[in-house]
Amino acid sequence: MPQDQKLLKYSSEYSDELSLDDELKKIRSCIQCGMCSAVCPSGSFTALVTRKIMRKALAGDHSVLSGPEIWYCSTCFNCYERCPRTIPVTNVILRLRNMAVREGYLPDNLKSVIKNLANTGHAVPLGGPDSKWAKLRELHKLKKVPPTVHSFPEALDELFTLLDKIKFNARIPYR
Amino acid sequence: MSLERPKPRVAVYICHCGKNIADVIDMDEITEYAKHIPNVALAKNYKFMCSNAGQDLIAEDLKSGKVDRVVVAACSPLMHEETYRRVLRENNFNEFFFEQANIREHASWVNLRDHKGAMEIAKDHVKMAVAKVSNDRPLIRQKVEVTQEALIVGAGITGMFATLDLANKYKVHLVERTPTIGGHMAQLDKTFPTMDCSACITTPKMVEVGRHPNINLLTYSEIENVDLNVGNFEVQVRKKSRRINHLICTGCGACGEVCPITVPNEFDYNMGYRRAAYVPFPQAIPAQYTIDIKNCIECKLCVDACEVNAIDFNQEDEIIDLKVGSIIIATGNDIFDPSKLYRYGYQKYKNVLIAIEMERLLSSTGPTLGKVIKPSDHKTPKRIGFLQCVGSRDFHEGTHKYCSRVCCMYAIKQARQFKEKYPDSEVFIFYIDMRTFGKGYEEFYEIAAREYGINFIRGRIGEVFENNDGSLIIRGSDTLLAEKYEIEVDMLILSTAIEARKDADEVSRFFGVQFSEDGFFMEAHPKLKPVDSLSPGIFIAGTCQAPRDIPDAVAQAKAAASSADNFMFSGEVEIEPYYSMVQPEICSGCRSCIPLCPYDAISFDETTNTADINAIKCKGCGVCVASCPSNAIIQNHFTRNQILSEVRALKPWENYIKEN
Amino acid sequence: MTEIKEKKEELIEKPFSDLKYSLYLGCVIPNRYPMIERASRFVFDKLGIEIIDMNGATCCPAPGVFRSVDKALWLTLGARNLTIAQNNNTTELLTLCNGCFGTLHEVEHEMKSNPEINKRINEVLAEKNLHFDGSVNVRQVMDVLYFDIGLERLKSLVKRTLNLRTAIHYGCHILKPATTQLFGQDPDNPTFFDEVVEAIGSKSIDYREKLMCCGAGGSLRTGFKDSSLQYTLAKLREIRKVGVDCIVVCCPFCHLQFDLGQVEVSKLLDEGEEEFRIPVIFITQLLGLAMGYEPEDLGMIKPTELKGISPFISFDPLLKKIESIPLDEAKRDK
């Protein structure tokens with residue numbers, strides 16, 4: 001058999017995993033009508049074709065996890081609302097992203113945000129009491145450091161404990 | 001003579017139903033089990049109990065004198081109860097010494113993977129059926145005479161055909177709510193796939209209905225009340241006042257000419273106009289005029305204009321009493337209103353129409369005399385789009401899960417008509433699946449693509465925007481190319497779903513017919529009794545039962561007519577003996593059962609001060625039995641003792657109560 | 001739907017002094033757009049509505065990045081944030097952000113409706129002696145304005161009828177999923193934001209793509225910024241066509257995407273296409289202006305002493321216009 005033969009092998013691996021959830025199971029009833037991609041704003045600008053994502057997930061095509069397309073979704077939930085089969089398309093994409101991360105596919109740019117959260121408790125941290133953002137807060141007559149986890153070291157400790165408890169660091173080591 | 005009843009000797013037959021049951025439930029095990037149930041004299045299993053050989057098996061055992069009651073554990077009694085009862089009848093046994101245990105739908109089909117569970121359920125069903133049959137009593141079917149007249153409700157294409165078929169043999173009363181007969185079909189310009197003119201095939205039939213000596217045509221009339229006496233239905237019809245005496249009116253139209261009131265014409269889907277004194281369209285039957293009381297200002301100009309003095313402002317509604325032997329319900333369908341699907345902009349954007357509006361624009365008798373124009377500027381559109389499945393195949397609340405069956409074909413038809421009128425135009429049909437299943441339909445579709453150059457695009461429109469000039473930007477996704485498209489059209493036609501009539505529940509209450517989940521009337525059996533309702537003598541046909549096209553509706557009309565004929569023709573009908581009876585010595589006369597009866601079968605006997613149930617009207621639903629505070633009502637074949645014997649047969653039942 | 005109505009009726013009669021919220025700030029507001037925090041605190045304070053800080057709150061966590069990466073993390077931290085409001089002895093958690101609302105509301109919903117998740121997450125929280133008992137309702141600022149304050153009372157608060165032409169941007173997570181959102185309106189035809197803006201005396205100008213996403217969410221901005229800016233550009237072009245004084249938002253992430261985004265889309269413009277300079281303001285800022293307060297108290301300043309800080313688009317043209325609008329009282333006196 002020639003090496004470059006590119007024939008699809010069907011597998012229900014992904015759809016079986018999705019179907020463990022009663023809502024996500026609805027993906028099996030997809031009729032490929034194209035409604036989700038018709039209302040998808042990302043589809044107008046990027047290579048995301050939600051309908052194709054549904055099909056690939058059902059077919060067990062590995063590229064659905066390894067490719068960047070699922071990360072082009074801005075989670076606007078248009079598809080979720082409009083699917084005539086009431087498939088929660090956005091939630092399917094989010095679950096596929098979870099599965100992709102598990103297999104090691106995570107866009108590089110997201111890693112720093114995860115690092116931020118895992119280390120400071122904020123996805124967008126202040127950057128310390130001397131940062132320009134702290135100064136801006138001062139100009140706005142607000143406390144220099146907001147009364148969030150930034151002001152409470154014990155809250156940060158609490159966060160670390162909870163992250164350990166769910167083995168977040170073991171799964172996604174960014175701290 | 002001993003007063004003690006002889007012990008019942010029950011024969012149990014387990015049906016394999018091919019592999020439907022036998023693949024899940026071990027036949028030997030359950031047969032062996034059945035043999036040990038009290039009162040069982042013998043138990044056998046066989047591949048197809050409903051076959052001749054299966055029936056013979058029962059007959060032989062009955063003839064042998066070894067058994068006197070029969071249980072068949074097989075499919076649903078809806079399917080074959082009558083088959084087995086006949087076997088008992090033919091062998092001179094009372095047919096009510098029979099019970100059918102449904103171990104197919106209730107056990108094997110729903111437990112394909114759990115054979116052990118299926119067996120448990122099947123055993124329980126058999127056990128219960130044996131207990132019940134052991135307590136069954138012989139019953140006799142009453143016969144009543146059947147009136148040799150029929151009532152058809154709704155004068156669309158279905159109602160008209162049913163009427164014409166029956167009218168050759170019976171007197172037929174045809175009741176229609178609107179001022180004319182013809183229904184939706186009269187609104188259509190052409191019909192697929194033959195493209196013959198709808199009016200050309202409808203109007204001759206309408207004329208025939210209007211002239212037939214055996215047909216009592218009651219237009220502008222509504223059912224007021226129905227007394228559900230099987231075979232002798234008593235029906236009250238309200239013939240609404242038209243303020244015009246139809247015995248005199250010549251249909252000359254003088255009243256309409258002078259009438260100063262102009263209102264949107266419902267027949268043209270409110271795109272054209274009519275006067276308050278009007279006929280909906282020129283070929284209407286009856287051709288006489290009607291004054292629309294809601295809009296009339298009583299200026300009485302018409303009174304002077306009418307040369308034959310037909311106008312009578314004192315005319316009142318008339319109540320007509322009918323007695324009929326059978327009823328055919330052919331009340332038709334409504335059309336889905338897509339204005340709540342905001343993204344398509346119906347009733348927000350001027351040039352978004354629904355298909356029936358397009359049909360009126362295409363029609364040579366329509367408001368534009370067949371010229372297709374944009375509502376925004378009354379110019380002919382150059383590019384038009386059709387969006388399929390609007391309100392169909394959608395699982396959201398407020399839309400319909402089913403496929404409406406006709407939209408693919410009517411969209412192609414309208415697209416072809418438009419192309420014929422305007423060959424330079426461009427037409428797009430946006431679809432999910434093209435469903436062209438009927439005779440000649442696929443060919444019709446192929447020609448539309450090949451010869452007419454209609455663009456078929458697989459992929460729904462997601463969003464519609466309106467430009468300042470009224471043209472529309474439609475955006476969607478071509479699912480075959482996996483590309484999003486955005487194109488401009490002058491007009492967008494929404495292929496809207498067929499849906500059940502909004503007042504279908506009222507009709508169902510009048511006639512005691514049931515609904516399916518989708519809101520349409522339910523047939524007695526989806527395959528074997530497609531035009532029967534669950535009420536004997538009442539039949540359903542056409543789009544009140546499910547979405548369908550004209551050929552199918554006509555076929556149903558003829559089927560219903562034939563079924564009604566069958567029902568009336570012998571002159572008498574057997575009544576199921578399941579009715580309930582009041583024991584007057586126990587009845588306290590509290591009357592609480594009377595309003596609960598859905599069939600209006602219970603009356604109050606003032607002389608005895610007790611309730612009285614009309615056995616012919618009673619359908620045996622059991623509501624009164626359950627509700628009677630004195631336990632004074634018993635229902636044949638479902639007595640307290642008979643039902644409790646089934647429950648008691650389930651030994652673990654008591655444990656169940658304890659555990660929970 | 002009835003539930004929403006009941007809630008509305010129950011709250012609408014409450015005087016402002018009886019309204020009490022735990023204020024959830026999130027990340028973008030305190031750390032990038034403190035003017036939103038300032039304006040919101042100021043307006044609620046003036047109304048006499050009690051606001052209690054949620055000390056030690058973390059990121060909600062953001063529905064785009066973190067739900068995508070790890071649902072357990074998303075649920076755990078979301079539920080932890082809910083317990084802070086609960087331990088503040090408040091039943092209402094107020095967020096000023098659509099994204100935080102999306103996360104916290106969905107987590108609230110999961111914790112209340114899914115016993116299995118509730119059990120699992122509370123087991124994790126127990127590690128730090130925390131427990132979410134379901135006594136917190138997550139509220140968005142629009143929802144508080146629309147239901148708790150109500151249109152009638154909003155109208156009565158207006159001291160300066162601004163009559164601004166505004167382009168409203170709803171954002172996504174406040175509308176969808178519709179089954180769990182608070183307004184009971186069709187996400188294809190929402191009106192609550194327009195109703196609020198009209199009630200406080202400005203005009204909502206309809207524009208094509210009004211309901212489209214700003215592009216920031218779902219980790220799209222984080223992961224693929226240029227794609228996310230394409231959304232923003234498409235919306236900005238439509239907004240420019242109808243001509244407005246400002247864009248009004250109810251979400252800091254949308255705010256950022258429109259504000260900073262107007263600078264960032266410069267590189268995507270067609271040749272000769274004019275740069276965008278449309279002021280972006282938060283709904284509480286518009287409310288504050290309508291109530292007659294000074295723009296500075298509402299954070300509508302652009303400090304010159306710092307570089308690279310919000311707002312990136314100057315308020316000047318808007319402020320100039322507002323300066324010329326007298327208070328309604330003054331107008332009447334004339």
# chains A, B, ... in the order shown; residues from 1 in each chain; ligands from 1
$ interface_residues --of "chain C" --to "chain A" --cutoff "8 Å" --atoms "only C-alpha atoms" --output "PyMOL selection string"
chain C and resi 25-28+30-32+34-35+38+53-59+61-62+64-73+76-77+124-125+127-128+172-173+176-178+212-213+215-220+222-224+227-228+230-231+299+303+306+309
$ interface_residues --of "chain A" --to "chain B" --cutoff "10 Å" --atoms "only C-alpha atoms" --output "CSV table (one decimal) with C-alpha atoms, in the first residue's frame"
chain,number,residue,atom,x,y,z
A,31,ILE,CA,-27.7,16.3,10.3
A,32,GLN,CA,-24.9,18.5,8.9
A,33,CYS,CA,-27.4,21.2,8.0
A,34,GLY,CA,-24.8,23.9,8.3
A,35,MET,CA,-26.8,26.2,10.6
A,36,CYS,CA,-23.9,26.3,13.2
A,37,SER,CA,-21.4,27.5,10.6
A,38,ALA,CA,-23.9,29.8,9.0
A,39,VAL,CA,-24.2,31.8,12.2
A,40,CYS,CA,-20.6,31.5,13.3
A,41,PRO,CA,-18.8,34.9,13.2
A,43,GLY,CA,-16.3,31.2,10.3
A,44,SER,CA,-16.3,34.5,8.4
A,45,PHE,CA,-12.7,35.3,9.3
A,47,ALA,CA,-10.7,28.4,9.1
A,48,LEU,CA,-13.3,27.4,11.7
A,49,VAL,CA,-16.1,25.4,10.2
A,50,THR,CA,-18.1,24.3,13.2
A,51,ARG,CA,-20.2,21.8,11.1
A,52,LYS,CA,-16.9,20.1,10.0
A,78,ASN,CA,-24.8,31.5,18.3
A,79,CYS,CA,-24.4,27.9,17.2
A,81,GLU,CA,-28.8,28.6,20.3
A,82,ARG,CA,-29.6,27.9,16.7
A,83,CYS,CA,-28.8,24.2,16.1
A,84,PRO,CA,-32.0,22.7,14.9
A,85,ARG,CA,-31.1,19.5,16.7
A,86,THR,CA,-30.4,21.5,19.9
A,87,ILE,CA,-26.8,20.2,20.0
$ closest_residue --among "C:Leu211, C:Ile322, C:Cys250, C:Val197" --to "chain B" --atoms "only C-alpha atoms"
C:Leu211
$ interface_residues --of "chain B" --to "chain C" --cutoff "10 Å" --atoms "only C-alpha atoms" --output "CSV table (one decimal) with N, CA, C and O atoms, in the first residue's frame"
chain,number,residue,atom,x,y,z
B,340,LYS,N,-41.4,34.8,14.6
B,340,LYS,CA,-40.6,34.7,15.8
B,340,LYS,C,-39.2,34.2,15.6
B,340,LYS,O,-38.3,34.2,16.5
B,341,LEU,N,-38.9,33.8,14.3
B,341,LEU,CA,-37.5,33.5,14.0
B,341,LEU,C,-36.8,34.7,13.5
B,341,LEU,O,-36.7,35.0,12.3
B,342,TYR,N,-36.4,35.6,14.5
B,342,TYR,CA,-36.1,37.0,14.2
B,342,TYR,C,-35.0,37.1,13.2
B,342,TYR,O,-35.0,38.1,12.4
B,343,ARG,N,-34.1,36.1,13.1
B,343,ARG,CA,-33.0,36.3,12.2
B,343,ARG,C,-33.4,36.3,10.7
B,343,ARG,O,-32.6,36.7,9.8
B,463,GLU,N,-28.2,34.3,8.7
B,463,GLU,CA,-28.6,35.7,9.0
B,463,GLU,C,-29.1,36.4,7.8
B,463,GLU,O,-28.6,36.1,6.7
B,464,VAL,N,-30.0,37.3,7.9
B,464,VAL,CA,-30.5,38.1,6.8
B,464,VAL,C,-30.4,39.6,7.3
B,464,VAL,O,-30.8,39.9,8.4
B,465,PHE,N,-29.9,40.4,6.4
B,465,PHE,CA,-29.8,41.8,6.6
B,465,PHE,C,-30.5,42.6,5.5
B,465,PHE,O,-30.5,42.1,4.4
B,466,GLU,N,-31.1,43.7,5.8
B,466,GLU,CA,-31.8,44.5,4.8
B,466,GLU,C,-31.0,45.7,4.4
B,466,GLU,O,-30.5,46.4,5.2
B,467,ASN,N,-30.8,45.9,3.1
B,467,ASN,CA,-30.2,47.1,2.6
B,467,ASN,C,-31.2,48.2,2.5
B,467,ASN,O,-32.4,48.0,2.6
$ residues_around --residues "Phe42 (chain C)" --least-positions-apart "5" --cutoff "12 Å" --atoms "only C-alpha atoms" --output "MDAnalysis selection string"
(chainID A and resid 140:142) or (chainID C and resid 35:37 47:51 284:285 287:289 291 293:299)
$ atom_distance --atom1 "CA of Val196 (chain C)" --atom2 "CA of Ser135 (chain C)"
28.1 Å
$ residues_around --residues "Met581 (chain B)" --least-positions-apart "2" --cutoff "7 Å" --atoms "only C-alpha atoms" --output "list in words"
Tyr579, Gln583, Ile613, Ile633, Ile634 and Gln635 of chain B
$ select_by_dssp --residues "region 25-115 of chain C" --states "strand (DSSP E)" --output "ChimeraX atom specification"
/C:50-53,92-95
$ residues_around --residues "Met271 (chain B)" --least-positions-apart "2" --cutoff "12 Å" --atoms "only C-alpha atoms" --output "list of chain:residue names"
B:Val263, B:Pro264, B:Asn265, B:Glu266, B:Phe267, B:Asp268, B:Tyr269, B:Tyr273, B:Arg274, B:Leu353, B:Ile354, B:Ile356, B:Glu357, B:Met358, B:Glu359, B:Arg360, B:Leu361, B:Gly366, B:Pro367, B:Thr368, B:Leu369, B:Ile373, B:Lys374, B:Pro375
$ atom_distance --atom1 "CA of Lys240 (chain B)" --atom2 "CA of Ala564 (chain B)"
27.7 Å
$ atom_distance --atom1 "CA of Asn636 (chain B)" --atom2 "CA of Tyr578 (chain B)"
4.8 Å
$ closest_residue --among "A:Lys56, A:Tyr10, A:Lys25, A:Pro173" --to "Lys115 (chain A)" --atoms "only C-alpha atoms"
A:Pro173
